Amino acid sequence: MKEKSIELLNRAIGDELTAVHQYMYFHFHCDDLGYDLLAGLFKRTAIEEMVHIEQLAERILFLKGDVEMVASDNVKKIHEVKAMLELAVEKETNSANDYNKWANECAANADSVSKKLFEALVEDEERHFDQYDVEMENMQKFGDNYLALQSIERSKNVSSGQAAE
């Protein structure tokens with residue numbers, strides 16, 4: 001019973017670790033290109049995913065399990081912003097779907113606390129999905145001008161002595 005919850009919680013840690021690594025990779029590249037808004041979004045999301053890892057680990061330890069800190073996938077070396085956002089949308093959609101299923105599995109195994117944790121994670125993943133989806137819509141509406149405006153904004157801030165985010 002608790003073994004199934006521990007297994008699912010560890011699978012979630014693997015997915016969250018992958019997301020942290022991927023989003024930080026995107027953050028570094030967007031920051032390097034002067035896309036401060038997107039760089040900040042990827043960084044904030046990575047930090048939120050780290051909080052998820054902590055919550056999952058605490059639950060595993062409460063259940064007397066061992067925390068497996070192994071990413072479920074390797075970082076994808078993507079440099080094009082549109083492809084970054086597409087992958088982020090895909091990751092967040094998959095996480096929300098998995099966590100919904102896993103909440104039901106935990107409930108079926110009489111583990112309502114893990115069920116609630118997965119349900120809370122679904123809310124966060126859906127919010128992340130929405131943020132990335134909005135950015136994809138902006139890219140579609142404004143094209144490369146959207147990225148150029150971010151880069152120009154950074155240049156204005158740097159030249160006026162304001163620190164970039």
# chains A, B, ... in the order shown; residues from 1 in each chain; ligands from 1
call {"tool": "residues_around", "arguments": {"residues": "Ala107 of chain A", "least_positions_apart": "6", "cutoff": "12 Å", "atoms": "only C-alpha atoms", "output": "list in words"}}
result
Met1, Lys2, Lys4, Ser5, Asn100, Lys101, Val113, Ser114, Lys115, Lys116, Leu117, Phe118 and Glu119 of chain A
call {"tool": "residues_around", "arguments": {"residues": "Asp31 of chain A", "least_positions_apart": "6", "cutoff": "9 Å", "atoms": "only C-alpha atoms", "output": "NGL selection string"}}
result
:A and (37-40 or 165)
call {"tool": "write_last_selection", "arguments": {"atoms": "C-alpha atoms", "output": "compact mmCIF listing (two decimals), in the first residue's frame"}}
result
# COMPACT_ATOMS: atom_id res chain seq x y z
CA LEU A 37 11.06 38.03 -19.17
CA LEU A 38 11.44 34.48 -20.43
CA ALA A 39 14.65 33.91 -18.47
CA GLY A 40 12.86 34.99 -15.31
CA GLU A 165 16.79 40.57 -13.31
call {"tool": "select_by_dssp", "arguments": {"residues": "segment 10-146 of chain A", "states": "alpha helix (DSSP H)", "output": "ChimeraX atom specification"}}
result
/A:10-32,36-62,81-108,112-142,144-146
call {"tool": "closest_atom_pairs", "arguments": {"of": "segment 28-54 of chain A", "to": "segment 69-74 of chain A", "cutoff": "12 Å", "atoms": "only C-alpha atoms", "output": "tab-separated table"}}
result
residue	atom	partner	partner_atom	distance
A:Met50	CA	A:Met69	CA	11.7
A:Ile53	CA	A:Met69	CA	9.1
A:Glu54	CA	A:Met69	CA	10.9
call {"tool": "atom_distance", "arguments": {"atom1": "atom CA of His52 of chain A", "atom2": "atom CA of Ala110 of chain A"}}
result
21.9 Å
call {"tool": "residues_around", "arguments": {"residues": "Ala57 of chain A", "least_positions_apart": "4", "cutoff": "8 Å", "atoms": "only C-alpha atoms", "output": "ChimeraX atom specification"}}
result
/A:9-10,13,53,61,67
call {"tool": "write_last_selection", "arguments": {"atoms": "C-alpha atoms", "output": "CSV table (one decimal), in the first residue's frame"}}
result
chain,number,residue,atom,x,y,z
A,9,LEU,CA,6.3,10.0,-5.3
A,10,ASN,CA,9.8,9.0,-6.4
A,13,ILE,CA,10.8,13.6,-8.0
A,53,ILE,CA,10.8,18.0,-4.9
A,61,LEU,CA,10.4,10.1,4.3
A,67,VAL,CA,14.2,9.4,-1.7
